>>> print(open('structure.txt').read())   # compact mmCIF, N, CA and C atoms
# COMPACT_ATOMS: atom_id res chain seq x y z
N ALA A 16 13.70 0.15 8.22
CA ALA A 16 13.80 1.09 7.12
C ALA A 16 15.11 1.87 7.22
N ASN A 17 15.49 2.27 8.45
CA ASN A 17 16.71 3.06 8.62
C ASN A 17 17.95 2.30 8.19
N ALA A 18 17.96 0.99 8.40
CA ALA A 18 19.13 0.19 8.07
C ALA A 18 19.14 -0.29 6.62
N SER A 19 18.11 0.03 5.83
CA SER A 19 18.00 -0.51 4.48
C SER A 19 18.75 0.29 3.43
N GLY A 20 19.30 1.42 3.81
CA GLY A 20 19.99 2.25 2.81
C GLY A 20 19.04 2.81 1.77
N GLY A 21 17.80 3.03 2.15
CA GLY A 21 16.82 3.59 1.22
C GLY A 21 16.06 2.57 0.40
N ARG A 22 16.35 1.28 0.60
CA ARG A 22 15.66 0.24 -0.19
C ARG A 22 14.28 -0.07 0.36
N LEU A 23 14.04 0.23 1.63
CA LEU A 23 12.73 0.02 2.25
C LEU A 23 12.21 1.37 2.72
N VAL A 24 11.04 1.73 2.23
CA VAL A 24 10.41 3.00 2.61
C VAL A 24 9.03 2.67 3.17
N ILE A 25 8.71 3.25 4.30
CA ILE A 25 7.42 3.02 4.94
C ILE A 25 6.66 4.34 4.95
N THR A 26 5.41 4.30 4.47
CA THR A 26 4.55 5.47 4.49
C THR A 26 3.30 5.13 5.28
N HIS A 27 3.06 5.84 6.35
CA HIS A 27 1.86 5.65 7.15
C HIS A 27 0.80 6.62 6.65
N VAL A 28 -0.43 6.13 6.52
CA VAL A 28 -1.55 6.96 6.07
C VAL A 28 -2.67 6.79 7.09
N LEU A 29 -3.12 7.89 7.68
CA LEU A 29 -4.20 7.85 8.65
C LEU A 29 -5.49 8.30 7.98
N SER A 30 -6.52 7.46 8.06
CA SER A 30 -7.76 7.75 7.34
C SER A 30 -8.66 8.73 8.08
N ASP A 31 -8.66 8.73 9.39
CA ASP A 31 -9.61 9.55 10.14
C ASP A 31 -8.95 10.51 11.11
N GLU A 32 -7.74 10.92 10.85
CA GLU A 32 -7.02 11.82 11.75
C GLU A 32 -7.62 13.23 11.65
N PRO A 33 -7.98 13.82 12.78
CA PRO A 33 -8.54 15.19 12.74
C PRO A 33 -7.55 16.18 12.15
N LYS A 34 -8.03 17.12 11.40
CA LYS A 34 -7.16 18.12 10.76
C LYS A 34 -6.37 18.93 11.76
N GLU A 35 -6.89 19.11 12.96
CA GLU A 35 -6.20 19.92 13.97
C GLU A 35 -5.13 19.14 14.74
N SER A 36 -4.95 17.86 14.43
CA SER A 36 -3.93 17.08 15.13
C SER A 36 -2.53 17.47 14.65
N ALA A 37 -1.53 16.99 15.37
CA ALA A 37 -0.13 17.28 15.03
C ALA A 37 0.40 16.38 13.91
N TRP A 38 -0.38 15.42 13.45
CA TRP A 38 0.05 14.50 12.40
C TRP A 38 0.39 15.28 11.13
N ASP A 39 1.61 15.07 10.61
CA ASP A 39 2.00 15.78 9.38
C ASP A 39 2.23 14.83 8.22
N GLY A 40 1.79 13.59 8.39
CA GLY A 40 1.93 12.61 7.30
C GLY A 40 0.70 12.60 6.41
N GLU A 41 0.62 11.57 5.59
CA GLU A 41 -0.50 11.44 4.66
C GLU A 41 -1.80 11.14 5.40
N ARG A 42 -2.89 11.62 4.85
CA ARG A 42 -4.22 11.42 5.41
C ARG A 42 -5.17 10.94 4.32
N GLY A 43 -6.24 10.27 4.73
CA GLY A 43 -7.27 9.86 3.78
C GLY A 43 -7.17 8.37 3.47
N PHE A 44 -7.73 7.99 2.35
CA PHE A 44 -7.72 6.60 1.92
C PHE A 44 -6.69 6.42 0.82
N ILE A 45 -6.08 5.27 0.80
CA ILE A 45 -5.04 5.00 -0.19
C ILE A 45 -5.68 4.67 -1.52
N GLY A 46 -5.31 5.41 -2.53
CA GLY A 46 -5.80 5.19 -3.88
C GLY A 46 -4.65 5.34 -4.86
N ALA A 47 -4.97 5.40 -6.12
CA ALA A 47 -3.94 5.48 -7.16
C ALA A 47 -3.02 6.68 -6.99
N ASP A 48 -3.57 7.80 -6.50
CA ASP A 48 -2.73 8.99 -6.33
C ASP A 48 -1.63 8.78 -5.29
N LEU A 49 -1.98 8.19 -4.14
CA LEU A 49 -0.95 7.94 -3.12
C LEU A 49 0.00 6.84 -3.54
N VAL A 50 -0.51 5.82 -4.23
CA VAL A 50 0.37 4.75 -4.72
C VAL A 50 1.39 5.35 -5.68
N ALA A 51 0.95 6.15 -6.62
CA ALA A 51 1.86 6.75 -7.59
C ALA A 51 2.88 7.67 -6.92
N ALA A 52 2.48 8.35 -5.85
CA ALA A 52 3.38 9.29 -5.17
C ALA A 52 4.41 8.60 -4.29
N HIS A 53 4.08 7.42 -3.75
CA HIS A 53 4.94 6.82 -2.73
C HIS A 53 5.48 5.43 -3.05
N MET A 54 4.98 4.79 -4.05
CA MET A 54 5.41 3.43 -4.36
C MET A 54 6.28 3.42 -5.62
N PRO A 55 7.19 2.45 -5.69
CA PRO A 55 7.94 2.32 -6.94
C PRO A 55 7.00 1.84 -8.05
N GLU A 56 7.36 2.15 -9.26
CA GLU A 56 6.55 1.65 -10.38
C GLU A 56 6.65 0.13 -10.44
N PRO A 57 5.66 -0.53 -11.03
CA PRO A 57 5.73 -1.99 -11.15
C PRO A 57 7.01 -2.42 -11.87
N SER A 58 7.70 -3.38 -11.29
CA SER A 58 8.91 -3.93 -11.92
C SER A 58 9.25 -5.26 -11.27
N ASP A 59 10.18 -5.97 -11.86
CA ASP A 59 10.64 -7.24 -11.28
C ASP A 59 11.42 -7.04 -10.00
N GLU A 60 11.88 -5.82 -9.75
CA GLU A 60 12.72 -5.56 -8.59
C GLU A 60 11.98 -4.91 -7.42
N SER A 61 10.69 -4.72 -7.53
CA SER A 61 9.92 -4.06 -6.48
C SER A 61 8.95 -5.03 -5.83
N LEU A 62 8.80 -4.92 -4.51
CA LEU A 62 7.79 -5.65 -3.77
C LEU A 62 6.93 -4.63 -3.04
N ILE A 63 5.63 -4.86 -3.01
CA ILE A 63 4.70 -4.02 -2.29
C ILE A 63 4.08 -4.87 -1.19
N PHE A 64 4.13 -4.40 0.05
CA PHE A 64 3.55 -5.10 1.19
C PHE A 64 2.29 -4.36 1.62
N VAL A 65 1.19 -5.11 1.77
CA VAL A 65 -0.09 -4.51 2.14
C VAL A 65 -0.57 -5.13 3.45
N CYS A 66 -0.90 -4.27 4.41
CA CYS A 66 -1.45 -4.70 5.69
C CYS A 66 -2.50 -3.69 6.10
N GLY A 67 -3.65 -4.17 6.52
CA GLY A 67 -4.70 -3.26 6.95
C GLY A 67 -6.02 -3.98 7.09
N PRO A 68 -7.10 -3.25 7.26
CA PRO A 68 -8.42 -3.85 7.40
C PRO A 68 -8.95 -4.37 6.06
N PRO A 69 -9.92 -5.29 6.10
CA PRO A 69 -10.46 -5.87 4.87
C PRO A 69 -10.89 -4.85 3.80
N PRO A 70 -11.52 -3.73 4.14
CA PRO A 70 -11.88 -2.79 3.07
C PRO A 70 -10.65 -2.23 2.33
N MET A 71 -9.54 -2.10 3.02
CA MET A 71 -8.34 -1.61 2.36
C MET A 71 -7.80 -2.66 1.39
N TYR A 72 -7.81 -3.92 1.81
CA TYR A 72 -7.40 -4.98 0.88
C TYR A 72 -8.28 -4.98 -0.36
N GLU A 73 -9.59 -4.89 -0.16
CA GLU A 73 -10.52 -4.89 -1.30
C GLU A 73 -10.18 -3.76 -2.27
N ALA A 74 -9.90 -2.58 -1.76
CA ALA A 74 -9.61 -1.43 -2.61
C ALA A 74 -8.25 -1.54 -3.30
N LEU A 75 -7.25 -2.05 -2.59
CA LEU A 75 -5.89 -2.06 -3.13
C LEU A 75 -5.54 -3.30 -3.93
N CYS A 76 -5.90 -4.50 -3.41
CA CYS A 76 -5.35 -5.71 -4.04
C CYS A 76 -6.24 -6.94 -3.95
N GLY A 77 -7.43 -6.81 -3.44
CA GLY A 77 -8.30 -7.96 -3.27
C GLY A 77 -8.07 -8.62 -1.92
N PRO A 78 -8.93 -9.56 -1.54
CA PRO A 78 -8.85 -10.16 -0.21
C PRO A 78 -7.57 -10.98 -0.01
N ARG A 79 -7.26 -11.22 1.28
CA ARG A 79 -6.11 -12.05 1.61
C ARG A 79 -6.44 -13.51 1.36
N GLY A 80 -5.41 -14.33 1.29
CA GLY A 80 -5.58 -15.77 1.11
C GLY A 80 -4.82 -16.25 -0.10
N PRO A 81 -4.30 -17.48 -0.03
CA PRO A 81 -3.47 -18.00 -1.13
C PRO A 81 -4.18 -18.10 -2.47
N ASP A 82 -5.48 -18.33 -2.45
CA ASP A 82 -6.23 -18.46 -3.70
C ASP A 82 -7.09 -17.25 -4.00
N ALA A 83 -6.91 -16.18 -3.24
CA ALA A 83 -7.72 -14.98 -3.43
C ALA A 83 -7.36 -14.28 -4.73
N PRO A 84 -8.33 -13.69 -5.38
CA PRO A 84 -8.03 -12.97 -6.62
C PRO A 84 -7.21 -11.71 -6.35
N PHE A 85 -6.43 -11.33 -7.32
CA PHE A 85 -5.64 -10.09 -7.24
C PHE A 85 -6.38 -9.05 -8.05
N THR A 86 -6.94 -8.06 -7.36
CA THR A 86 -7.76 -7.03 -8.00
C THR A 86 -7.42 -5.67 -7.39
N GLY A 87 -8.20 -4.67 -7.68
CA GLY A 87 -8.07 -3.37 -7.04
C GLY A 87 -7.09 -2.45 -7.73
N VAL A 88 -6.78 -1.37 -7.03
CA VAL A 88 -5.94 -0.30 -7.55
C VAL A 88 -4.58 -0.81 -8.02
N LEU A 89 -3.95 -1.67 -7.22
CA LEU A 89 -2.61 -2.14 -7.60
C LEU A 89 -2.65 -2.96 -8.90
N ALA A 90 -3.65 -3.81 -9.05
CA ALA A 90 -3.78 -4.58 -10.29
C ALA A 90 -4.03 -3.64 -11.47
N GLU A 91 -4.89 -2.65 -11.27
CA GLU A 91 -5.19 -1.70 -12.34
C GLU A 91 -3.96 -0.88 -12.75
N MET A 92 -3.05 -0.68 -11.82
CA MET A 92 -1.85 0.11 -12.10
C MET A 92 -0.71 -0.73 -12.68
N GLY A 93 -0.91 -2.02 -12.84
CA GLY A 93 0.10 -2.86 -13.49
C GLY A 93 0.96 -3.70 -12.56
N TYR A 94 0.70 -3.64 -11.25
CA TYR A 94 1.42 -4.52 -10.34
C TYR A 94 0.91 -5.93 -10.52
N THR A 95 1.71 -6.93 -10.17
CA THR A 95 1.31 -8.32 -10.32
C THR A 95 1.14 -8.98 -8.96
N LYS A 96 0.36 -10.04 -8.95
CA LYS A 96 0.09 -10.79 -7.71
C LYS A 96 1.38 -11.25 -7.04
N GLU A 97 2.36 -11.62 -7.82
CA GLU A 97 3.62 -12.13 -7.28
C GLU A 97 4.44 -11.05 -6.58
N LYS A 98 4.19 -9.80 -6.91
CA LYS A 98 4.98 -8.69 -6.35
C LYS A 98 4.23 -7.91 -5.28
N VAL A 99 3.03 -8.37 -4.91
CA VAL A 99 2.25 -7.74 -3.84
C VAL A 99 2.05 -8.76 -2.73
N ILE A 100 2.63 -8.50 -1.58
CA ILE A 100 2.55 -9.40 -0.44
C ILE A 100 1.46 -8.90 0.50
N LYS A 101 0.45 -9.73 0.71
CA LYS A 101 -0.64 -9.40 1.61
C LYS A 101 -0.37 -10.08 2.95
N PHE A 102 -0.31 -9.29 4.03
CA PHE A 102 -0.08 -9.91 5.35
C PHE A 102 -0.91 -9.25 6.42
>>> encode(input="structure.txt", output="structure tokens")
Amino acid sequence: ANASGGRLVITHVLSDEPKESAWDGERGFIGADLVAAHMPEPSDESLIFVCGPPPMYEALCGPRGPDAPFTGVLAEMGYTKEKVIKF
């Protein structure tokens, strides 16, 4: 990210971090609000990379796999299967 000149931005979100911890990043589950705040709008020039546990895939973009359906928050927000990389 540091070498990308601002073209790659990484946002870590911790779902179960105690409020009293020193973590000052995003907390909770990723939904439309966090996507809108931290991701570029859908376009031909944007790629979204998704990595996490199966429930996160289900909520954001549908299950992994070459023939898996593209569903979830990202699909509802106008992102396309071709611009969302599941790994």
>>> residues_around(input="structure.txt", residues="segment 80-87 of chain A", least_positions_apart="3", cutoff="12 Å", atoms="only C-alpha atoms", output="ChimeraX atom specification")
/A:45-47,50,69-77,90-102
>>> atom_distance(input="structure.txt", atom1="atom C of Pro57 of chain A", atom2="atom CA of Val88 of chain A")
13.8 Å
>>> residues_near_point(input="structure.txt", point="(4.8, 14.1, 5.8)", cutoff="10 Å", atoms="only C-alpha atoms", output="list in words")
Thr26, His27, Val28, Trp38, Asp39, Gly40, Glu41 and Arg42 of chain A
>>> write_last_selection(input="structure.txt", atoms="N, CA and C atoms", output="short mmCIF file (atom, residue, chain, number, x, y, z; two decimals), keeping the file's coordinate frame")
data_model
loop_
_atom_site.label_atom_id
_atom_site.label_comp_id
_atom_site.auth_asym_id
_atom_site.auth_seq_id
_atom_site.Cartn_x
_atom_site.Cartn_y
_atom_site.Cartn_z
N THR A 26 5.41 4.30 4.47
CA THR A 26 4.55 5.47 4.49
C THR A 26 3.30 5.13 5.28
N HIS A 27 3.06 5.84 6.35
CA HIS A 27 1.86 5.65 7.15
C HIS A 27 0.80 6.62 6.65
N VAL A 28 -0.43 6.13 6.52
CA VAL A 28 -1.55 6.96 6.07
C VAL A 28 -2.67 6.79 7.09
N TRP A 38 -0.38 15.42 13.45
CA TRP A 38 0.05 14.50 12.40
C TRP A 38 0.39 15.28 11.13
N ASP A 39 1.61 15.07 10.61
CA ASP A 39 2.00 15.78 9.38
C ASP A 39 2.23 14.83 8.22
N GLY A 40 1.79 13.59 8.39
CA GLY A 40 1.93 12.61 7.30
C GLY A 40 0.70 12.60 6.41
N GLU A 41 0.62 11.57 5.59
CA GLU A 41 -0.50 11.44 4.66
C GLU A 41 -1.80 11.14 5.40
N ARG A 42 -2.89 11.62 4.85
CA ARG A 42 -4.22 11.42 5.41
C ARG A 42 -5.17 10.94 4.32
#
>>> select_by_dssp(input="structure.txt", residues="chain A", states="alpha helix (DSSP H)", output="list in words")
Ala47, Asp48, Leu49, Val50, Ala51, Ala52, His53, Pro69, Pro70, Met71, Tyr72, Glu73, Ala74, Leu75, Gly87, Val88, Leu89, Ala90 and Glu91 of chain A
>>> atom_distance(input="structure.txt", atom1="atom CA of Phe64 of chain A", atom2="atom CA of Glu32 of chain A")
22.6 Å
>>> atom_distance(input="structure.txt", atom1="atom CA of His53 of chain A", atom2="atom CA of Ala16 of chain A")
14.4 Å
